[in-house]
file entry20.cif (mmCIF, C-alpha atoms)
data_my_file
#
loop_
_atom_site.label_atom_id
_atom_site.label_comp_id
_atom_site.auth_asym_id
_atom_site.auth_seq_id
_atom_site.Cartn_x
_atom_site.Cartn_y
_atom_site.Cartn_z
CA MET Q 103 7.45 69.28 -114.42
CA SER Q 104 9.70 67.73 -111.83
CA ILE Q 105 10.35 69.12 -108.33
CA LYS Q 106 12.73 67.81 -105.70
CA VAL Q 107 11.21 68.19 -102.23
CA ARG Q 108 13.29 68.09 -99.06
CA TYR Q 109 12.39 67.96 -95.38
CA PHE Q 110 14.79 68.75 -92.54
CA ALA Q 111 15.12 68.02 -88.85
CA SER Q 112 11.85 67.33 -86.96
CA LEU Q 113 9.90 67.75 -90.20
CA GLY Q 114 11.90 64.99 -91.88
CA GLU Q 115 11.18 62.73 -88.90
CA ARG Q 116 7.51 63.59 -89.01
CA MET Q 117 7.24 62.88 -92.76
CA GLY Q 118 9.27 59.69 -92.40
CA ARG Q 119 11.48 60.85 -95.28
CA SER Q 120 14.01 63.56 -96.00
CA GLU Q 121 13.29 63.93 -99.70
CA SER Q 122 11.00 62.99 -102.55
CA ASN Q 123 10.58 63.72 -106.25
CA LEU Q 124 7.30 65.23 -107.25
CA GLU Q 125 5.97 65.19 -110.83
CA LEU Q 126 3.49 67.98 -111.51
CA ALA Q 127 1.27 68.61 -114.51
CA GLN Q 128 0.79 72.36 -113.97
CA ALA Q 129 2.34 75.52 -112.47
CA MET Q 130 2.35 75.50 -108.68
CA THR Q 131 3.25 77.52 -105.61
CA VAL Q 132 5.42 76.44 -102.72
CA ALA Q 133 2.27 75.79 -100.67
CA ASP Q 134 0.87 73.59 -103.46
CA VAL Q 135 4.07 71.55 -103.44
CA TRP Q 136 3.64 70.93 -99.72
CA TYR Q 137 0.02 69.79 -100.07
CA HIS Q 138 0.70 67.57 -103.08
CA ASP Q 139 3.65 65.90 -101.45
CA THR Q 140 2.42 65.54 -97.86
CA SER Q 141 -1.40 65.60 -98.01
CA GLN Q 142 -1.16 67.26 -94.56
CA ILE Q 143 -2.10 70.61 -93.13
CA MET Q 144 1.04 72.72 -92.87
CA PRO Q 145 2.14 73.50 -89.28
CA ASN Q 146 2.25 77.28 -88.91
CA ASN Q 147 5.96 77.56 -88.11
CA VAL Q 148 7.21 75.78 -91.25
CA LEU Q 149 9.85 77.65 -93.28
CA ALA Q 150 10.40 77.11 -96.99
CA ALA Q 151 13.26 77.56 -99.44
CA VAL Q 152 13.40 77.29 -103.21
CA ASN Q 153 16.79 76.46 -104.68
CA MET Q 154 18.43 77.17 -101.34
CA GLU Q 155 16.98 80.65 -100.88
CA TYR Q 156 14.19 81.47 -98.43
CA ALA Q 157 10.86 81.57 -100.25
CA GLY Q 158 7.28 82.54 -99.48
CA LEU Q 159 4.46 80.00 -99.63
CA ALA Q 160 2.88 81.86 -102.56
CA ASP Q 161 6.08 81.82 -104.64
CA GLU Q 162 5.84 79.89 -107.92
CA VAL Q 163 8.06 76.92 -108.51
CA ASN Q 164 9.60 75.90 -111.83
CA ASP Q 165 10.67 72.68 -113.44
CA GLY Q 166 13.81 71.34 -111.81
CA ASP Q 167 13.47 73.42 -108.62
CA GLU Q 168 14.47 72.10 -105.23
CA VAL Q 169 11.86 73.01 -102.62
CA ALA Q 170 12.76 72.55 -98.96
CA PHE Q 171 10.60 72.67 -95.83
CA PHE Q 172 12.00 72.95 -92.34
CA PRO Q 173 11.18 73.97 -88.77
CA PRO Q 174 12.52 77.16 -87.12
CA VAL Q 175 16.30 77.14 -87.19
CA THR Q 176 18.21 76.58 -83.96
CA GLY Q 177 21.89 76.97 -84.78
CA GLY Q 178 24.54 79.11 -83.16
CA MET I 735 49.52 118.42 -43.94
CA SER I 736 51.43 116.65 -46.66
CA ILE I 737 50.04 115.86 -50.13
CA LYS I 738 51.69 113.94 -52.94
CA VAL I 739 50.83 115.49 -56.30
CA ARG I 740 51.22 113.59 -59.58
CA TYR I 741 50.97 114.65 -63.24
CA PHE I 742 50.59 112.26 -66.14
CA ALA I 743 51.18 112.22 -69.88
CA SER I 744 51.06 115.63 -71.63
CA LEU I 745 50.37 117.31 -68.29
CA GLY I 746 53.58 115.92 -66.82
CA GLU I 747 55.49 117.24 -69.84
CA ARG I 748 53.86 120.63 -69.51
CA MET I 749 54.70 120.89 -65.79
CA GLY I 750 58.20 119.61 -66.39
CA ARG I 751 57.71 117.09 -63.57
CA SER I 752 55.65 114.00 -62.87
CA GLU I 753 55.32 114.48 -59.12
CA SER I 754 55.87 116.80 -56.20
CA ASN I 755 55.25 116.92 -52.46
CA LEU I 756 53.12 119.75 -51.24
CA GLU I 757 53.03 120.92 -47.60
CA LEU I 758 49.80 122.69 -46.71
CA ALA I 759 48.87 124.61 -43.57
CA GLN I 760 45.08 124.29 -43.93
CA ALA I 761 42.27 122.14 -45.37
CA MET I 762 42.11 122.26 -49.15
CA THR I 763 40.17 121.07 -52.18
CA VAL I 764 41.55 119.29 -55.22
CA ALA I 765 41.41 122.59 -57.14
CA ASP I 766 43.39 124.33 -54.37
CA VAL I 767 46.08 121.66 -54.62
CA TRP I 768 46.39 122.37 -58.34
CA TYR I 769 46.77 126.14 -57.87
CA HIS I 770 49.19 125.84 -54.97
CA ASP I 771 51.38 123.40 -56.81
CA THR I 772 51.29 124.81 -60.34
CA SER I 773 50.42 128.52 -60.02
CA GLN I 774 48.70 128.06 -63.39
CA ILE I 775 45.14 128.29 -64.66
CA MET I 776 43.76 124.77 -64.99
CA PRO I 777 43.05 123.65 -68.58
CA ASN I 778 39.38 122.74 -68.82
CA ASN I 779 39.86 119.11 -69.77
CA VAL I 780 42.02 118.14 -66.78
CA LEU I 781 40.86 115.08 -64.82
CA ALA I 782 41.69 114.52 -61.16
CA ALA I 783 41.99 111.54 -58.84
CA VAL I 784 42.48 111.30 -55.08
CA ASN I 785 44.10 108.12 -53.81
CA MET I 786 43.61 106.52 -57.22
CA GLU I 787 39.86 107.18 -57.47
CA TYR I 788 38.34 109.81 -59.75
CA ALA I 789 37.59 112.97 -57.76
CA GLY I 790 35.84 116.28 -58.30
CA LEU I 791 37.71 119.56 -58.13
CA ALA I 792 35.71 120.57 -55.05
CA ASP I 793 36.54 117.38 -53.11
CA GLU I 794 38.52 117.92 -49.91
CA VAL I 795 41.94 116.38 -49.55
CA ASN I 796 43.41 114.97 -46.35
CA ASP I 797 46.88 114.57 -44.93
CA GLY I 798 48.79 111.86 -46.77
CA ASP I 799 46.52 111.86 -49.84
CA GLU I 800 47.87 111.31 -53.33
CA VAL I 801 46.29 113.78 -55.75
CA ALA I 802 46.75 113.15 -59.48
CA PHE I 803 46.02 115.35 -62.50
CA PHE I 804 45.88 114.06 -66.04
CA PRO I 805 44.53 114.76 -69.53
CA PRO I 806 41.62 112.83 -71.12
CA VAL I 807 42.48 109.14 -71.22
CA THR I 808 43.31 107.52 -74.56
CA GLY I 809 43.76 103.80 -73.91
CA GLY I 810 42.17 100.79 -75.60
CA MET K 1282 38.24 87.70 -63.12
CA LYS K 1283 41.61 89.05 -64.14
CA VAL K 1284 43.08 92.40 -65.04
CA SER K 1285 46.52 92.33 -66.56
CA ILE K 1286 48.86 95.18 -67.50
CA CYS K 1287 51.51 93.90 -69.92
CA SER K 1288 54.76 95.61 -70.76
CA GLN K 1289 55.64 93.00 -73.39
CA ALA K 1290 53.86 91.99 -76.61
CA PHE K 1291 51.41 89.13 -76.07
CA ASN K 1292 49.54 86.72 -78.30
CA PRO K 1293 45.83 87.35 -77.63
CA TRP K 1294 44.74 83.87 -78.80
CA GLN K 1295 47.19 82.17 -76.49
CA ALA K 1296 46.20 84.43 -73.61
CA LEU K 1297 42.52 83.60 -74.17
CA GLN K 1298 43.14 79.90 -74.45
CA ASP K 1299 45.23 79.87 -71.26
CA TYR K 1300 42.72 81.93 -69.35
CA GLN K 1301 39.73 79.89 -70.46
CA GLN K 1302 41.51 76.63 -69.67
CA ASP K 1303 41.69 77.68 -66.05
CA LEU K 1304 38.03 78.59 -65.72
CA LYS K 1305 36.66 75.62 -67.59
CA PRO K 1306 35.95 73.20 -64.75
CA ASP K 1307 34.08 75.83 -62.73
CA VAL K 1308 32.11 77.89 -65.15
CA GLN K 1309 29.29 76.69 -67.42
CA PHE K 1310 29.49 79.35 -70.09
CA GLY K 1311 27.59 79.17 -73.36
CA ALA K 1312 28.66 82.54 -74.76
CA THR K 1313 31.97 84.38 -74.99
CA SER K 1314 32.29 87.88 -76.40
CA ILE K 1315 35.74 89.21 -77.13
CA PHE K 1316 37.18 92.48 -78.31
CA ILE K 1317 40.76 92.96 -79.48
CA GLY K 1318 42.29 96.33 -80.29
CA THR K 1319 45.35 96.24 -82.53
CA MET K 1320 47.84 98.98 -83.28
CA ARG K 1321 47.61 100.32 -86.83
CA ASP K 1322 50.45 102.10 -88.60
CA TYR K 1323 48.42 105.22 -89.32
CA ASN K 1324 46.19 107.49 -87.28
CA ASP K 1325 44.64 110.90 -87.80
CA GLY K 1326 46.23 111.45 -91.19
CA ALA K 1327 49.79 110.42 -90.35
CA ARG K 1328 51.91 107.29 -90.52
CA VAL K 1329 52.75 106.08 -87.04
CA SER K 1330 55.91 104.06 -86.56
CA SER K 1331 55.46 103.18 -82.89
CA MET K 1332 53.54 104.19 -79.81
CA THR K 1333 54.30 104.49 -76.11
CA LEU K 1334 51.49 103.89 -73.65
CA GLU K 1335 51.73 105.55 -70.26
CA TYR K 1336 49.48 104.50 -67.38
CA TYR K 1337 48.91 105.16 -63.68
CA PRO K 1338 50.16 102.07 -61.85
CA GLY K 1339 47.69 101.22 -59.11
CA MET K 1340 44.82 103.39 -60.31
CA THR K 1341 44.64 101.79 -63.75
CA GLU K 1342 44.21 98.28 -62.33
CA LYS K 1343 41.73 99.55 -59.75
CA GLN K 1344 39.69 101.32 -62.41
CA LEU K 1345 39.61 98.24 -64.67
CA GLU K 1346 38.45 96.09 -61.74
CA LYS K 1347 35.75 98.62 -60.98
CA ILE K 1348 34.56 98.54 -64.61
CA ILE K 1349 34.25 94.74 -64.49
CA ALA K 1350 32.33 95.00 -61.21
CA GLN K 1351 29.95 97.53 -62.81
CA ALA K 1352 29.39 95.19 -65.75
CA GLY K 1353 28.65 92.38 -63.29
CA GLN K 1354 25.96 94.51 -61.65
CA GLN K 1355 24.23 95.18 -64.96
CA TRP K 1356 24.52 91.84 -66.72
CA GLN K 1357 24.65 88.17 -65.81
CA ILE K 1358 28.27 87.38 -66.47
CA LEU K 1359 30.35 84.44 -65.31
CA ASP K 1360 33.83 85.83 -65.79
CA ALA K 1361 35.74 88.66 -67.44
CA TYR K 1362 39.35 89.19 -68.46
CA ILE K 1363 41.09 92.40 -69.50
CA SER K 1364 44.64 92.57 -70.74
CA HIS K 1365 46.18 95.91 -71.78
CA ARG K 1366 49.61 96.78 -73.11
CA VAL K 1367 51.77 99.58 -71.76
CA GLY K 1368 55.20 100.82 -72.79
CA LYS K 1369 56.46 100.77 -76.36
CA ILE K 1370 54.15 99.19 -78.92
CA GLN K 1371 54.73 98.36 -82.60
CA PRO K 1372 52.13 98.25 -85.39
CA ASP K 1373 50.18 94.96 -85.56
CA GLU K 1374 50.64 94.32 -81.84
CA THR K 1375 47.63 93.85 -79.60
CA ILE K 1376 46.88 96.90 -77.44
CA VAL K 1377 43.86 95.63 -75.56
CA LEU K 1378 41.92 92.42 -75.09
CA VAL K 1379 38.54 92.23 -73.34
CA ALA K 1380 36.72 88.91 -72.93
CA VAL K 1381 33.45 88.15 -71.17
CA TRP K 1382 31.98 84.72 -70.45
CA ALA K 1383 28.25 84.35 -69.80
CA ALA K 1384 25.48 81.79 -70.03
CA HIS K 1385 23.69 83.78 -72.74
CA ARG K 1386 24.90 85.81 -75.69
CA GLY K 1387 23.00 89.01 -74.93
CA ASP K 1388 24.79 89.40 -71.60
CA ALA K 1389 28.19 88.52 -73.08
CA PHE K 1390 27.86 91.02 -75.95
CA ASP K 1391 26.47 93.86 -73.83
CA ALA K 1392 28.97 93.46 -71.00
CA CYS K 1393 31.96 93.20 -73.36
CA ARG K 1394 30.96 96.36 -75.15
CA PHE K 1395 30.27 98.20 -71.90
CA ILE K 1396 33.69 97.25 -70.55
CA MET K 1397 35.41 98.40 -73.75
CA GLU K 1398 33.60 101.76 -73.81
CA ALA K 1399 34.20 102.34 -70.08
CA LEU K 1400 37.88 101.43 -70.50
CA LYS K 1401 38.24 103.86 -73.40
CA SER K 1402 36.62 106.71 -71.49
CA THR K 1403 37.82 106.16 -67.91
CA ALA K 1404 40.87 103.87 -67.61
CA PRO K 1405 44.04 105.92 -67.09
CA PHE K 1406 46.11 105.16 -70.19
CA TRP K 1407 47.67 107.72 -72.51
CA LYS K 1408 49.02 107.11 -75.99
CA ASN K 1409 52.04 108.91 -77.32
CA GLU K 1410 52.58 108.31 -81.03
CA LYS K 1411 55.92 108.41 -82.78
CA LEU K 1412 55.26 109.42 -86.36
CA ALA K 1413 57.17 108.20 -89.39
CA SER K 1414 58.45 111.80 -89.68
CA GLY K 1415 60.22 111.41 -86.32
CA GLU K 1416 57.91 113.73 -84.38
CA THR K 1417 56.01 112.52 -81.32
CA ARG K 1418 52.50 113.56 -80.29
CA TRP K 1419 50.00 112.75 -77.55
CA VAL K 1420 46.69 111.37 -78.78
CA ALA K 1421 44.18 114.05 -77.73
CA SER K 1422 41.06 111.98 -77.05
CA ASN K 1423 39.26 108.73 -77.79
CA SER K 1424 36.27 108.67 -80.12
CA GLY K 1425 32.97 107.29 -78.88
CA GLY K 1426 32.49 103.72 -80.03
CA TYR K 1427 28.78 104.07 -80.70
CA GLN K 1428 29.30 106.70 -83.37
CA LYS K 1429 30.78 106.02 -86.76
CA GLY K 1430 34.15 107.26 -87.94
CA MET L 1037 35.88 86.30 -95.93
CA LYS L 1038 35.35 82.69 -95.01
CA VAL L 1039 32.44 80.48 -94.03
CA SER L 1040 33.33 77.10 -92.68
CA ILE L 1041 31.11 74.14 -91.75
CA CYS L 1042 33.06 71.75 -89.50
CA SER L 1043 32.13 68.18 -88.76
CA GLN L 1044 34.99 67.80 -86.27
CA ALA L 1045 35.74 69.62 -83.03
CA PHE L 1046 37.97 72.66 -83.55
CA ASN L 1047 40.01 74.95 -81.33
CA PRO L 1048 38.56 78.45 -81.81
CA TRP L 1049 41.76 80.23 -80.73
CA GLN L 1050 43.85 78.29 -83.21
CA ALA L 1051 41.28 78.88 -85.96
CA LEU L 1052 41.32 82.63 -85.25
CA GLN L 1053 45.09 82.82 -85.14
CA ASP L 1054 45.41 80.92 -88.43
CA TYR L 1055 42.75 82.99 -90.13
CA GLN L 1056 44.14 86.31 -88.96
CA GLN L 1057 47.68 85.31 -89.96
CA ASP L 1058 46.52 85.05 -93.55
CA LEU L 1059 44.83 88.44 -93.67
CA LYS L 1060 47.51 90.38 -91.87
CA PRO L 1061 49.58 91.71 -94.79
CA ASP L 1062 46.50 93.05 -96.59
CA VAL L 1063 44.18 94.38 -93.97
CA GLN L 1064 44.82 97.31 -91.63
CA PHE L 1065 42.41 96.43 -88.86
CA GLY L 1066 42.33 98.20 -85.51
CA ALA L 1067 39.35 96.36 -84.02
CA THR L 1068 38.30 92.73 -83.87
CA SER L 1069 35.02 91.60 -82.34
CA ILE L 1070 34.52 87.90 -81.74
CA PHE L 1071 31.70 85.73 -80.49
CA ILE L 1072 32.08 82.09 -79.49
CA GLY L 1073 29.16 79.83 -78.63
CA THR L 1074 30.02 76.78 -76.53
CA MET L 1075 27.93 73.71 -75.78
CA ARG L 1076 26.74 73.49 -72.19
CA ASP L 1077 25.70 70.27 -70.50
CA TYR L 1078 22.26 71.53 -69.58
CA ASN L 1079 19.45 73.27 -71.43
CA ASP L 1080 15.83 74.01 -70.70
CA GLY L 1081 15.79 72.22 -67.37
CA ALA L 1082 17.52 69.00 -68.41
CA ARG L 1083 21.03 67.62 -68.46
CA VAL L 1084 22.26 67.21 -72.02
CA SER L 1085 24.90 64.58 -72.72
CA SER L 1086 25.50 65.37 -76.41
CA MET L 1087 23.94 67.13 -79.35
CA THR L 1088 23.63 66.47 -83.06
CA LEU L 1089 23.50 69.43 -85.41
CA GLU L 1090 21.76 68.96 -88.74
CA TYR L 1091 22.17 71.49 -91.56
CA TYR L 1092 21.22 72.05 -95.20
CA PRO L 1093 24.41 71.58 -97.22
CA GLY L 1094 24.56 74.27 -99.87
CA MET L 1095 21.88 76.53 -98.45
CA THR L 1096 23.57 76.94 -95.06
CA GLU L 1097 26.83 78.18 -96.59
CA LYS L 1098 24.92 80.43 -98.99
CA GLN L 1099 22.88 81.94 -96.17
CA LEU L 1100 25.98 82.61 -94.03
CA GLU L 1101 27.68 84.32 -96.97
CA LYS L 1102 24.58 86.42 -97.50
CA ILE L 1103 24.59 87.46 -93.83
CA ILE L 1104 28.21 88.60 -94.08
CA ALA L 1105 27.38 90.54 -97.24
CA GLN L 1106 24.47 92.26 -95.44
CA ALA L 1107 26.77 93.20 -92.56
CA GLY L 1108 29.21 94.62 -95.10
CA GLN L 1109 26.47 96.83 -96.52
CA GLN L 1110 25.59 98.28 -93.12
CA TRP L 1111 29.01 98.65 -91.51
CA GLN L 1112 32.57 99.37 -92.56
CA ILE L 1113 34.16 95.99 -92.09
CA LEU L 1114 37.42 94.66 -93.46
CA ASP L 1115 36.86 90.94 -93.09
CA ALA L 1116 34.60 88.38 -91.42
CA TYR L 1117 34.92 84.71 -90.57
CA ILE L 1118 32.22 82.26 -89.48
CA SER L 1119 32.89 78.71 -88.40
CA HIS L 1120 30.02 76.44 -87.32
CA ARG L 1121 29.99 72.85 -86.13
CA VAL L 1122 27.67 70.18 -87.47
CA GLY L 1123 27.25 66.52 -86.55
CA LYS L 1124 27.75 65.16 -83.06
CA ILE L 1125 28.91 67.67 -80.44
CA GLN L 1126 30.01 67.13 -76.84
CA PRO L 1127 29.68 69.60 -73.94
CA ASP L 1128 32.48 72.21 -73.79
CA GLU L 1129 33.02 72.06 -77.55
CA THR L 1130 32.72 75.18 -79.67
CA ILE L 1131 29.48 75.32 -81.66
CA VAL L 1132 29.97 78.63 -83.44
CA LEU L 1133 32.64 81.24 -83.94
CA VAL L 1134 32.01 84.65 -85.53
CA ALA L 1135 34.82 87.17 -85.98
CA VAL L 1136 34.77 90.59 -87.61
CA TRP L 1137 37.76 92.80 -88.39
CA ALA L 1138 37.26 96.55 -88.88
CA ALA L 1139 39.17 99.81 -88.63
CA HIS L 1140 36.96 101.02 -85.77
CA ARG L 1141 35.40 99.27 -82.80
CA GLY L 1142 31.81 100.45 -83.35
CA ASP L 1143 31.67 98.74 -86.74
CA ALA L 1144 33.35 95.57 -85.45
CA PHE L 1145 30.96 95.23 -82.48
CA ASP L 1146 27.80 96.02 -84.42
CA ALA L 1147 28.61 93.78 -87.38
CA CYS L 1148 29.62 90.84 -85.17
CA ARG L 1149 26.41 91.05 -83.22
CA PHE L 1150 24.32 91.46 -86.37
CA ILE L 1151 25.93 88.37 -87.90
CA MET L 1152 25.34 86.31 -84.76
CA GLU L 1153 21.68 87.34 -84.49
CA ALA L 1154 21.06 86.76 -88.19
CA LEU L 1155 22.76 83.37 -88.00
CA LYS L 1156 20.62 82.35 -85.02
CA SER L 1157 17.39 83.38 -86.74
CA THR L 1158 18.02 82.48 -90.39
CA ALA L 1159 20.90 80.02 -90.92
CA PRO L 1160 19.56 76.49 -91.53
CA PHE L 1161 20.92 74.53 -88.56
CA TRP L 1162 18.87 72.35 -86.22
CA LYS L 1163 19.92 71.03 -82.83
CA ASN L 1164 18.89 67.64 -81.57
CA GLU L 1165 19.77 67.10 -77.92
CA LYS L 1166 20.48 63.76 -76.34
CA LEU L 1167 19.53 64.05 -72.69
CA ALA L 1168 21.27 62.32 -69.78
CA SER L 1169 18.06 60.28 -69.44
CA GLY L 1170 18.68 58.78 -72.90
CA GLU L 1171 15.81 60.61 -74.64
CA THR L 1172 16.45 62.84 -77.64
CA ARG L 1173 14.62 66.07 -78.46
CA TRP L 1174 14.72 68.77 -81.10
CA VAL L 1175 15.40 72.27 -79.77
CA ALA L 1176 12.20 74.16 -80.58
CA SER L 1177 13.48 77.67 -81.21
CA ASN L 1178 16.28 80.12 -80.51
CA SER L 1179 15.79 82.96 -78.07
CA GLY L 1180 16.34 86.55 -79.18
CA GLY L 1181 19.78 87.76 -78.15
CA TYR L 1182 18.66 91.26 -77.30
CA GLN L 1183 16.34 90.09 -74.52
CA LYS L 1184 17.51 88.62 -71.26
CA GLY L 1185 17.08 84.98 -70.25
#

call {"tool": "encode", "arguments": {"input": "entry20.cif", "output": "structure tokens"}}
result
Amino acid sequence: MSIKVRYFASLGERMGRSESNLELAQAMTVADVWYHDTSQIMPNNVLAAVNMEYAGLADEVNDGDEVAFFPPVTGG
Amino acid sequence: MSIKVRYFASLGERMGRSESNLELAQAMTVADVWYHDTSQIMPNNVLAAVNMEYAGLADEVNDGDEVAFFPPVTGG
Amino acid sequence: MKVSICSQAFNPWQALQDYQQDLKPDVQFGATSIFIGTMRDYNDGARVSSMTLEYYPGMTEKQLEKIIAQAGQQWQILDAYISHRVGKIQPDETIVLVAVWAAHRGDAFDACRFIMEALKSTAPFWKNEKLASGETRWVASNSGGYQKG
Amino acid sequence: MKVSICSQAFNPWQALQDYQQDLKPDVQFGATSIFIGTMRDYNDGARVSSMTLEYYPGMTEKQLEKIIAQAGQQWQILDAYISHRVGKIQPDETIVLVAVWAAHRGDAFDACRFIMEALKSTAPFWKNEKLASGETRWVASNSGGYQKG
């Protein structure tokens, strides 16, 4: 299955990219997507969204999902 | 001593006047001013001010003071 | 700091823009909290066609200034502005405008709300409603703003 | 109800006047609570010369709409409007505007504050500050609005 992965703000800078396409052979969680795509330990303040809704790291992802990772938000 | 007495809103309507000048022979409280000027029992939600500051009914008044009586405020 | 008693209808957005324009060079605000009260054409079960607001010239201004000073003792605020209508008011017109400028949003929100509640409970204004039926009536009391309804 | 992401500077008073104009015939509001956040030229001990706001197109709008819907479940509100800047921002420009219209002031105040706090803690926006020294830095986190400082 195919997952679109996105990184925002300082996390995009740190990864050196703002998005990538990940091809996966089996069912995965949000945390698995992070490890497959980055090969890095996840900083403990990273937030995740699946298809533009906040998601937990243990949530399953499905073919075609967009998974986003970003640092704490600082708007307003 | 001479006291200016003022009535506002529904209280002015009820008294049939918005102000009067009261001449007093002796020291008095705010409550005394009311009874001398109106000869009526005071409704229990009446507020009082002396020289444009909220005052208690037991506060003393002095020559030249302006004493005002009014119903609960309803601005805003 | 400004307290204004207006006997004519005013545009709250214009008033805010004008006021803020004047404080801009001096004040480094990051947060502005504003409350606007608008006349509705019904109240307490009846249609209201207009309203007349009585006040106590001299004491009303003094009391509003005192309320702003009290807010300034409790919160870190940079400036505050109150504008309140008196006289005859039509539905959809602004009755009251309270604005507070602060560095941080917590102070702006808290001080604005404090000023509004203190104004409602202590500033000498009295509303007389003219109903659609032709009758007039004094509004008896203001509701507390922290309760519902 | 409207959520607006603006890449150009906007005048908050004009935006409010325009928005309110459109809802006036339909909505009998008595209370409007507004919050405006403005860029300051210092933050966290340093002079800031400009700021760039990144966001997540699609999710940001969705999240802001969700926040308004949550406010509508908790309080009796008639309408709400959020406008937020993105892109490059200069000091003194408006970053965020939140406005809530309600029949009663308690609902307007509470819902406006709830929306602002929820926006600060959950809406996907990220500030990158350009300091007077020429350096840039990401703002690490937003402070809670119910605490001081």

call {"tool": "interface_residues", "arguments": {"input": "entry20.cif", "of": "chain I", "to": "chain K", "cutoff": "10 Å", "atoms": "only C-alpha atoms", "output": "number ranges by chain"}}
result
I: 740-744, 781, 783-788, 802, 804-810

call {"tool": "closest_residue", "arguments": {"input": "entry20.cif", "among": "L:Val1136, L:Val1084, L:Cys1148, L:Ala1067", "to": "chain K", "atoms": "only C-alpha atoms"}}
result
L:Ala1067

call {"tool": "atom_distance", "arguments": {"input": "entry20.cif", "atom1": "atom CA of L:Ile1103", "atom2": "atom CA of L:Asp1054"}}
result
22.5 Å

call {"tool": "resolve_selection", "arguments": {"input": "entry20.cif", "expression": "the PyMOL selection byres ((chain I and resi 766) around 12)", "output": "MDAnalysis selection string"}}
result
chainID I and resid 737 739 756 758 760:765 767:776 790:795 801

call {"tool": "atom_distance", "arguments": {"input": "entry20.cif", "atom1": "atom CA of L:Ser1085", "atom2": "atom CA of L:Gly1123"}}
result
14.2 Å

call {"tool": "atom_distance", "arguments": {"input": "entry20.cif", "atom1": "atom CA of Q:Glu121", "atom2": "atom CA of L:Lys1102"}}
result
25.3 Å

call {"tool": "interface_residues", "arguments": {"input": "entry20.cif", "of": "chain K", "to": "chain L", "cutoff": "10 Å", "atoms": "all atoms listed in the file", "output": "ChimeraX atom specification"}}
result
/K:1292-1298,1305-1306,1308-1323,1356-1357,1372-1391,1393-1394,1397-1398,1424-1430

call {"tool": "resolve_selection", "arguments": {"input": "entry20.cif", "expression": "the PyMOL selection byres ((chain K and resi 1284) around 8)", "output": "mmCIF file with C-alpha atoms, in the coordinates of the input"}}
result
data_model
loop_
_atom_site.group_PDB
_atom_site.id
_atom_site.type_symbol
_atom_site.label_atom_id
_atom_site.label_comp_id
_atom_site.auth_asym_id
_atom_site.auth_seq_id
_atom_site.Cartn_x
_atom_site.Cartn_y
_atom_site.Cartn_z
ATOM 1 C CA MET K 1282 38.240 87.700 -63.120
ATOM 2 C CA LYS K 1283 41.610 89.050 -64.140
ATOM 3 C CA SER K 1285 46.520 92.330 -66.560
ATOM 4 C CA ILE K 1286 48.860 95.180 -67.500
ATOM 5 C CA GLU K 1342 44.210 98.280 -62.330
ATOM 6 C CA LEU K 1345 39.610 98.240 -64.670
ATOM 7 C CA GLU K 1346 38.450 96.090 -61.740
ATOM 8 C CA TYR K 1362 39.350 89.190 -68.460
ATOM 9 C CA ILE K 1363 41.090 92.400 -69.500
ATOM 10 C CA SER K 1364 44.640 92.570 -70.740
#
